[in-house]
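Okay, protein.txt is below, compact mmCIF, C-alpha atoms:
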# COMPACT_ATOMS: atom_id res chain seq x y z
CA MET C 204 38.91 108.28 75.55
CA ALA C 205 41.99 106.52 76.86
CA THR C 206 43.26 105.94 80.35
CA ILE C 207 46.74 107.30 80.87
CA ASP C 208 49.22 106.06 83.46
CA ALA C 209 50.58 109.24 85.03
CA SER C 210 53.97 107.68 85.70
CA THR C 211 54.65 107.81 81.94
CA ILE C 212 54.23 111.61 81.90
CA LYS C 213 57.49 113.51 81.53
CA LYS C 214 56.37 116.49 79.50
CA ILE C 215 53.10 118.38 79.78
CA VAL C 216 52.25 120.91 77.08
CA VAL C 217 49.72 123.64 77.78
CA ALA C 218 48.47 124.89 74.43
CA CYS C 219 46.40 127.92 73.47
CA ASP C 220 45.84 129.86 70.29
CA ALA C 221 48.75 132.26 70.48
CA GLY C 222 50.69 130.78 73.40
CA MET C 223 50.62 134.28 74.85
CA GLY C 224 48.10 134.52 77.65
CA SER C 225 46.02 131.79 79.15
CA SER C 226 48.43 128.94 78.40
CA VAL C 227 51.23 130.91 80.05
CA MET C 228 49.22 131.32 83.22
CA LEU C 229 48.05 127.75 83.39
CA ALA C 230 51.50 126.38 82.60
CA SER C 231 52.98 128.42 85.42
CA THR C 232 50.50 127.13 87.99
CA VAL C 233 50.88 123.50 86.86
CA ARG C 234 54.68 123.89 86.84
CA LYS C 235 54.60 125.20 90.41
CA GLN C 236 52.34 122.37 91.54
CA LEU C 237 54.61 119.76 89.96
CA LYS C 238 57.97 121.33 90.88
CA SER C 239 59.95 118.43 92.50
CA HIS C 240 58.13 115.79 90.41
CA GLY C 241 60.51 115.80 87.46
CA VAL C 242 57.87 116.78 84.92
CA GLU C 243 58.57 119.44 82.33
CA VAL C 244 55.69 121.87 81.75
CA VAL C 245 55.77 124.12 78.70
CA HIS C 246 53.33 126.45 76.96
CA THR C 247 53.01 126.59 73.18
CA PRO C 248 50.62 127.74 70.47
CA VAL C 249 48.18 124.96 69.60
CA ASN C 250 49.62 124.69 66.07
CA SER C 251 53.14 123.94 67.24
CA ILE C 252 52.81 121.31 69.94
CA PRO C 253 56.19 119.56 70.26
CA ALA C 254 56.27 115.92 69.14
CA ASP C 255 57.66 114.71 72.47
CA ALA C 256 54.64 115.93 74.46
CA ASP C 257 53.20 113.20 76.72
CA VAL C 258 49.92 115.02 77.29
CA VAL C 259 48.37 118.26 76.07
CA LEU C 260 46.17 120.47 78.23
CA THR C 261 44.09 122.85 76.16
CA HIS C 262 40.84 124.79 76.23
CA ALA C 263 37.85 122.70 75.15
CA GLY C 264 37.36 125.03 72.19
CA LEU C 265 40.83 124.17 70.89
CA ALA C 266 40.85 120.43 71.60
CA ASP C 267 40.18 119.39 67.99
CA ARG C 268 42.96 121.62 66.71
CA ALA C 269 45.29 120.18 69.35
CA ARG C 270 44.41 116.62 68.30
CA SER C 271 45.14 117.29 64.65
CA SER C 272 48.29 119.23 65.51
CA ALA C 273 49.65 116.42 67.70
CA PRO C 274 48.21 113.15 66.45
CA GLY C 275 48.45 110.33 68.97
CA VAL C 276 49.15 112.61 71.93
CA PRO C 277 46.45 112.46 74.63
CA VAL C 278 44.55 115.74 74.94
CA VAL C 279 42.86 116.86 78.17
CA PRO C 280 40.39 119.68 77.48
CA PHE C 281 39.55 122.19 80.20
CA ARG C 282 37.00 124.98 80.48
CA VAL C 283 38.31 127.30 83.17
CA PHE C 284 41.87 128.55 83.35
CA ILE C 285 42.25 128.45 87.11
CA GLY C 286 40.99 125.51 89.12
CA ASP C 287 39.58 123.32 86.35
CA PRO C 288 38.74 119.81 87.64
CA ALA C 289 40.19 118.08 84.53
CA VAL C 290 43.54 119.78 85.06
CA ALA C 291 43.43 119.07 88.80
CA LYS C 292 42.99 115.36 88.00
CA VAL C 293 46.11 115.27 85.85
CA VAL C 294 48.12 117.12 88.52
CA GLU C 295 46.90 114.78 91.27
CA ALA C 296 47.63 111.69 89.19
CA VAL C 297 51.18 112.85 88.49
CA LYS C 298 51.77 113.79 92.14
CA LYS C 299 50.36 110.68 93.76
CA GLY C 300 50.73 108.16 90.97
CA GLY C 301 47.62 106.91 89.25
CA THR C 302 45.72 107.36 86.04
CA PHE C 303 43.61 109.95 84.27
CA ASP C 304 41.41 109.93 81.20
CA ALA C 305 42.25 111.82 78.02
CA MET S 186 63.47 141.55 70.15
CA PRO S 187 64.91 144.91 71.13
CA GLU S 188 67.94 144.52 73.38
CA ALA S 189 66.77 146.43 76.42
CA ALA S 190 63.06 145.71 76.45
CA PRO S 191 61.10 148.04 78.72
CA LEU S 192 59.62 146.59 81.88
CA PRO S 193 56.56 144.55 80.90
CA LEU S 194 54.39 146.53 83.32
CA ASP S 195 54.89 150.24 82.73
CA PRO S 196 53.21 152.35 85.45
CA ARG S 197 51.75 154.41 82.60
CA ALA S 198 49.90 151.28 81.52
CA ILE S 199 47.92 151.09 84.76
CA ARG S 200 44.48 152.76 84.72
CA LEU S 201 42.45 152.27 87.86
CA ASP S 202 39.30 154.24 87.13
CA ALA S 203 38.28 153.08 83.68
CA ALA S 204 34.69 152.58 82.58
CA ALA S 205 33.49 150.59 79.59
CA SER S 206 30.14 150.09 77.90
CA GLY S 207 30.86 146.43 77.27
CA ARG S 208 33.44 143.78 76.58
CA GLU S 209 34.55 145.08 73.17
CA ASP S 210 34.92 148.60 74.56
CA ALA S 211 37.02 147.33 77.46
CA ILE S 212 39.28 145.33 75.13
CA THR S 213 39.64 148.28 72.78
CA GLN S 214 40.70 150.45 75.71
CA CYS S 215 43.32 147.87 76.72
CA GLY S 216 44.58 147.84 73.15
CA ARG S 217 44.82 151.64 73.09
CA VAL S 218 46.90 151.67 76.27
CA LEU S 219 49.27 149.06 74.81
CA LEU S 220 49.47 151.27 71.73
CA GLU S 221 50.19 154.38 73.82
CA VAL S 222 53.12 152.73 75.60
CA GLY S 223 54.54 151.73 72.22
CA ALA S 224 54.11 147.99 72.65
CA VAL S 225 51.94 147.37 69.59
CA GLU S 226 50.87 148.77 66.26
CA PRO S 227 47.22 149.74 65.67
CA PRO S 228 46.07 146.47 63.99
CA TYR S 229 46.76 144.65 67.26
CA ILE S 230 43.49 145.95 68.68
CA ASP S 231 41.47 144.09 66.03
CA SER S 232 43.54 141.02 66.71
CA MET S 233 42.56 141.22 70.40
CA LEU S 234 38.89 141.51 69.51
CA GLU S 235 39.16 138.57 67.13
CA ARG S 236 40.86 136.43 69.78
CA GLU S 237 38.13 137.22 72.27
CA ARG S 238 35.41 136.15 69.82
CA SER S 239 36.95 132.70 69.50
CA ILE S 240 37.39 131.95 73.23
CA SER S 241 36.73 134.23 76.18
CA THR S 242 39.84 135.38 78.02
CA TYR S 243 37.97 135.44 81.35
CA VAL S 244 40.22 133.68 83.87
CA GLY S 245 38.23 133.91 87.10
CA GLU S 246 37.99 136.20 90.17
CA GLY S 247 36.62 139.06 88.05
CA VAL S 248 39.72 139.16 85.86
CA ALA S 249 40.11 138.83 82.08
CA ILE S 250 43.37 138.78 80.14
CA PRO S 251 42.61 140.07 76.63
CA HIS S 252 45.41 139.49 74.10
CA GLY S 253 45.90 139.02 70.39
CA THR S 254 45.93 136.03 68.08
CA ALA S 255 49.00 134.16 66.87
CA GLU S 256 48.96 136.37 63.74
CA GLY S 257 48.71 139.45 65.95
CA LYS S 258 52.26 138.81 67.19
CA ASP S 259 53.49 140.33 63.94
CA VAL S 260 52.40 143.78 65.12
CA VAL S 261 53.80 143.48 68.66
CA ARG S 262 56.86 145.69 69.11
CA HIS S 263 57.77 144.57 72.61
CA ASP S 264 56.31 142.44 75.40
CA ALA S 265 54.02 144.45 77.63
CA ILE S 266 51.01 144.19 79.85
CA CYS S 267 48.51 146.79 80.93
CA VAL S 268 46.14 146.77 83.89
CA LEU S 269 42.76 148.45 83.52
CA ARG S 270 40.38 148.45 86.43
CA PHE S 271 36.68 148.88 85.80
CA PRO S 272 35.11 149.57 89.21
CA GLY S 273 31.66 149.59 87.63
CA GLY S 274 32.19 146.12 86.18
CA VAL S 275 31.99 144.93 82.58
CA ASP S 276 29.65 142.19 81.40
CA TRP S 277 31.97 139.56 79.97
CA ASP S 278 29.70 137.04 78.32
CA GLY S 279 27.79 136.59 81.56
CA GLU S 280 30.75 137.01 83.91
CA ARG S 281 31.46 140.28 85.73
CA VAL S 282 34.93 141.60 85.00
CA GLU S 283 36.48 144.33 87.14
CA VAL S 284 40.10 144.03 86.08
CA CYS S 285 41.55 143.54 82.60
CA VAL S 286 45.17 142.55 82.24
CA GLY S 287 45.84 143.24 78.57
CA ILE S 288 48.78 141.39 77.06
CA ALA S 289 51.05 142.00 74.09
CA ALA S 290 53.82 139.47 73.69
CA LYS S 291 56.08 138.01 71.10
CA GLY S 292 58.58 136.58 73.54
CA ASP S 293 58.47 135.49 77.17
CA GLY S 294 59.11 138.88 78.79
CA HIS S 295 55.69 138.86 80.40
CA VAL S 296 55.78 135.32 81.75
CA ARG S 297 56.88 136.25 85.28
CA LEU S 298 54.07 138.77 85.64
CA LEU S 299 51.49 136.31 84.37
CA SER S 300 52.79 133.63 86.73
CA GLU S 301 52.31 136.08 89.57
CA LEU S 302 48.82 136.90 88.32
CA ALA S 303 47.98 133.19 88.34
CA GLN S 304 49.08 132.98 91.97
CA ILE S 305 46.93 136.00 92.81
CA LEU S 306 43.90 134.36 91.21
CA LEU S 307 44.41 131.29 93.38
CA ASP S 308 44.34 133.45 96.50
CA PRO S 309 40.90 135.07 96.99
CA ASP S 310 42.30 137.68 99.38
CA ARG S 311 44.99 138.92 96.98
CA ALA S 312 42.50 138.76 94.09
CA ARG S 313 40.19 141.03 96.06
CA ARG S 314 43.06 143.45 96.72
CA LEU S 315 43.74 143.57 92.99
CA ARG S 316 40.07 144.29 92.23
CA GLU S 317 39.97 147.00 94.89
CA ALA S 318 43.33 148.64 94.18
CA THR S 319 43.07 152.40 93.86
CA GLU S 320 46.77 153.16 93.51
CA ALA S 321 49.15 152.06 90.80
CA ASP S 322 51.76 151.23 93.43
CA ALA S 323 49.45 148.67 94.98
CA VAL S 324 49.03 146.95 91.61
CA LEU S 325 52.77 146.98 90.98
CA ARG S 326 53.43 145.51 94.42
CA LEU S 327 50.82 142.77 93.93
CA LEU S 328 52.20 141.77 90.55
CA GLN S 329 55.82 141.97 91.60
CA PRO S 330 57.10 138.39 91.76
CA ALA S 331 57.44 137.54 95.44
CA GLU S 332 60.94 136.12 95.18
CA GLU S 333 63.57 135.78 92.53
CA GLU S 334 62.63 132.42 91.15
CA ALA S 335 64.25 131.03 88.07
CA ASP S 336 61.11 129.56 86.62
CA SER S 337 60.08 130.11 83.05
Translate the structure of the given file into structure tokens.
Amino acid sequence: MATIDASTIKKIVVACDAGMGSSVMLASTVRKQLKSHGVEVVHTPVNSIPADADVVLTHAGLADRARSSAPGVPVVPFRVFIGDPAVAKVVEAVKKGGTFDA
Amino acid sequence: MPEAAPLPLDPRAIRLDAAASGREDAITQCGRVLLEVGAVEPPYIDSMLERERSISTYVGEGVAIPHGTAEGKDVVRHDAICVLRFPGGVDWDGERVEVCVGIAAKGDGHVRLLSELAQILLDPDRARRLREATEADAVLRLLQPAEEEADS
């Protein structure tokens, strides 16, 4: 567990197995929430997380795969696709400045 | 990708009075509709079932979004979604699902529709209208992106 300074976040990757369904939906809501904050939000399959990701949001069941796919990149696991508190924390930290754990 | 991909949500892919005996039945029905509109080849249905066994595609507000695995993309012919409504509800690993939005995608043709679905799920009133829709037009209107936004 590390504490991340949200001001260092420029690219958020939302990862799921196929990059087809849930990650698309979550990425779109996070992107909308962070519009005007200069943060890029992309969705990808968990096996092809881009190397320049600053943080990865992924389902708890995929967190280990995300960590091995993107070594060194902080991973924030979530359990529900809409309204998960862990995701809300990251969004709030980026919006207002602050930190979150990953 | 075919050059002129059909609209991701074909009115023929909306079924508002479906009934299913359980989660696997509901997913199989979604897969069959995607097959009927020519979006996938038959093995995609197994890929959807396999995906569901790894992590539930329940997304909240009585809605699930069954879709295939990364390997399943090989048998997707074009991006498409289907909407199946189960007024009697389907037990989804303890959650009650009334609407399935089945997805087949190899590109990003469905992203706008899913973005709109995410917005609907954040708005309990619109989510209820989706669950209670009895006409395909109502579903199309709900999922129609509100404004022309260049986000994807």
So for stretch 217-226 of chain S, what box centre and size do we get, axis-aligned, 3 Å extra on each of the six sides, every listed atom, Å to one decimal, as lines of an AutoDock Vina configuration file?
center_x = 49.7
center_y = 150.9
center_z = 71.3
size_x = 15.7
size_y = 13.0
size_z = 16.0
*May I have the residues of chain C within 6 Å of chain S, counting all atoms listed in the file, written as a ChimeraX atom specification?*
/C:221,228,231,284
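For the pair atom CA of C:Val216 and atom CA of C:Val259, the interatomic distance is 4.8 Å.
Relative to atom CA of C:Arg282, atom CA of C:Ser226 is found at 12.3 Å.
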*Which residues come within 12 Å of S:Leu220, counting all atoms listed in the file, excluding same-chain residues fewer than 4 positions away, as number ranges by chain?*
S: 197-198, 213-216, 224-230, 260-267, 287-289
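Proximity ranking of S:Ala312, S:Ile212, S:Val248, S:Leu234 relative to S:Glu280 places S:Val248 first, based on only C-alpha atoms.
What separates atom CA of C:Ala218 from atom CA of C:Ala269 is a distance of 7.6 Å.
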*What's the 12 Å shell around stretch 233-241 of chain C, counting only C-alpha atoms, without same-chain residues fewer than 3 positions away, as an NGL selection string?*
(:C and (209-217 or 226-230 or 244-246 or 260 or 284-287 or 290-300)) or (:S and (300-301 or 303-304 or 334-337))
_Quick one: residues within 6 Å of stretch 200-207 of chain S, all atoms listed in the file, excluding same-chain residues fewer than 4 positions away - as a ChimeraX atom specification?_
/S:211,269-271,275
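Of the listed residues (C:Cys219, C:Ala289, C:Met204, C:Ala305), C:Cys219 comes nearest to C:His262; the distances count all atoms listed in the file.
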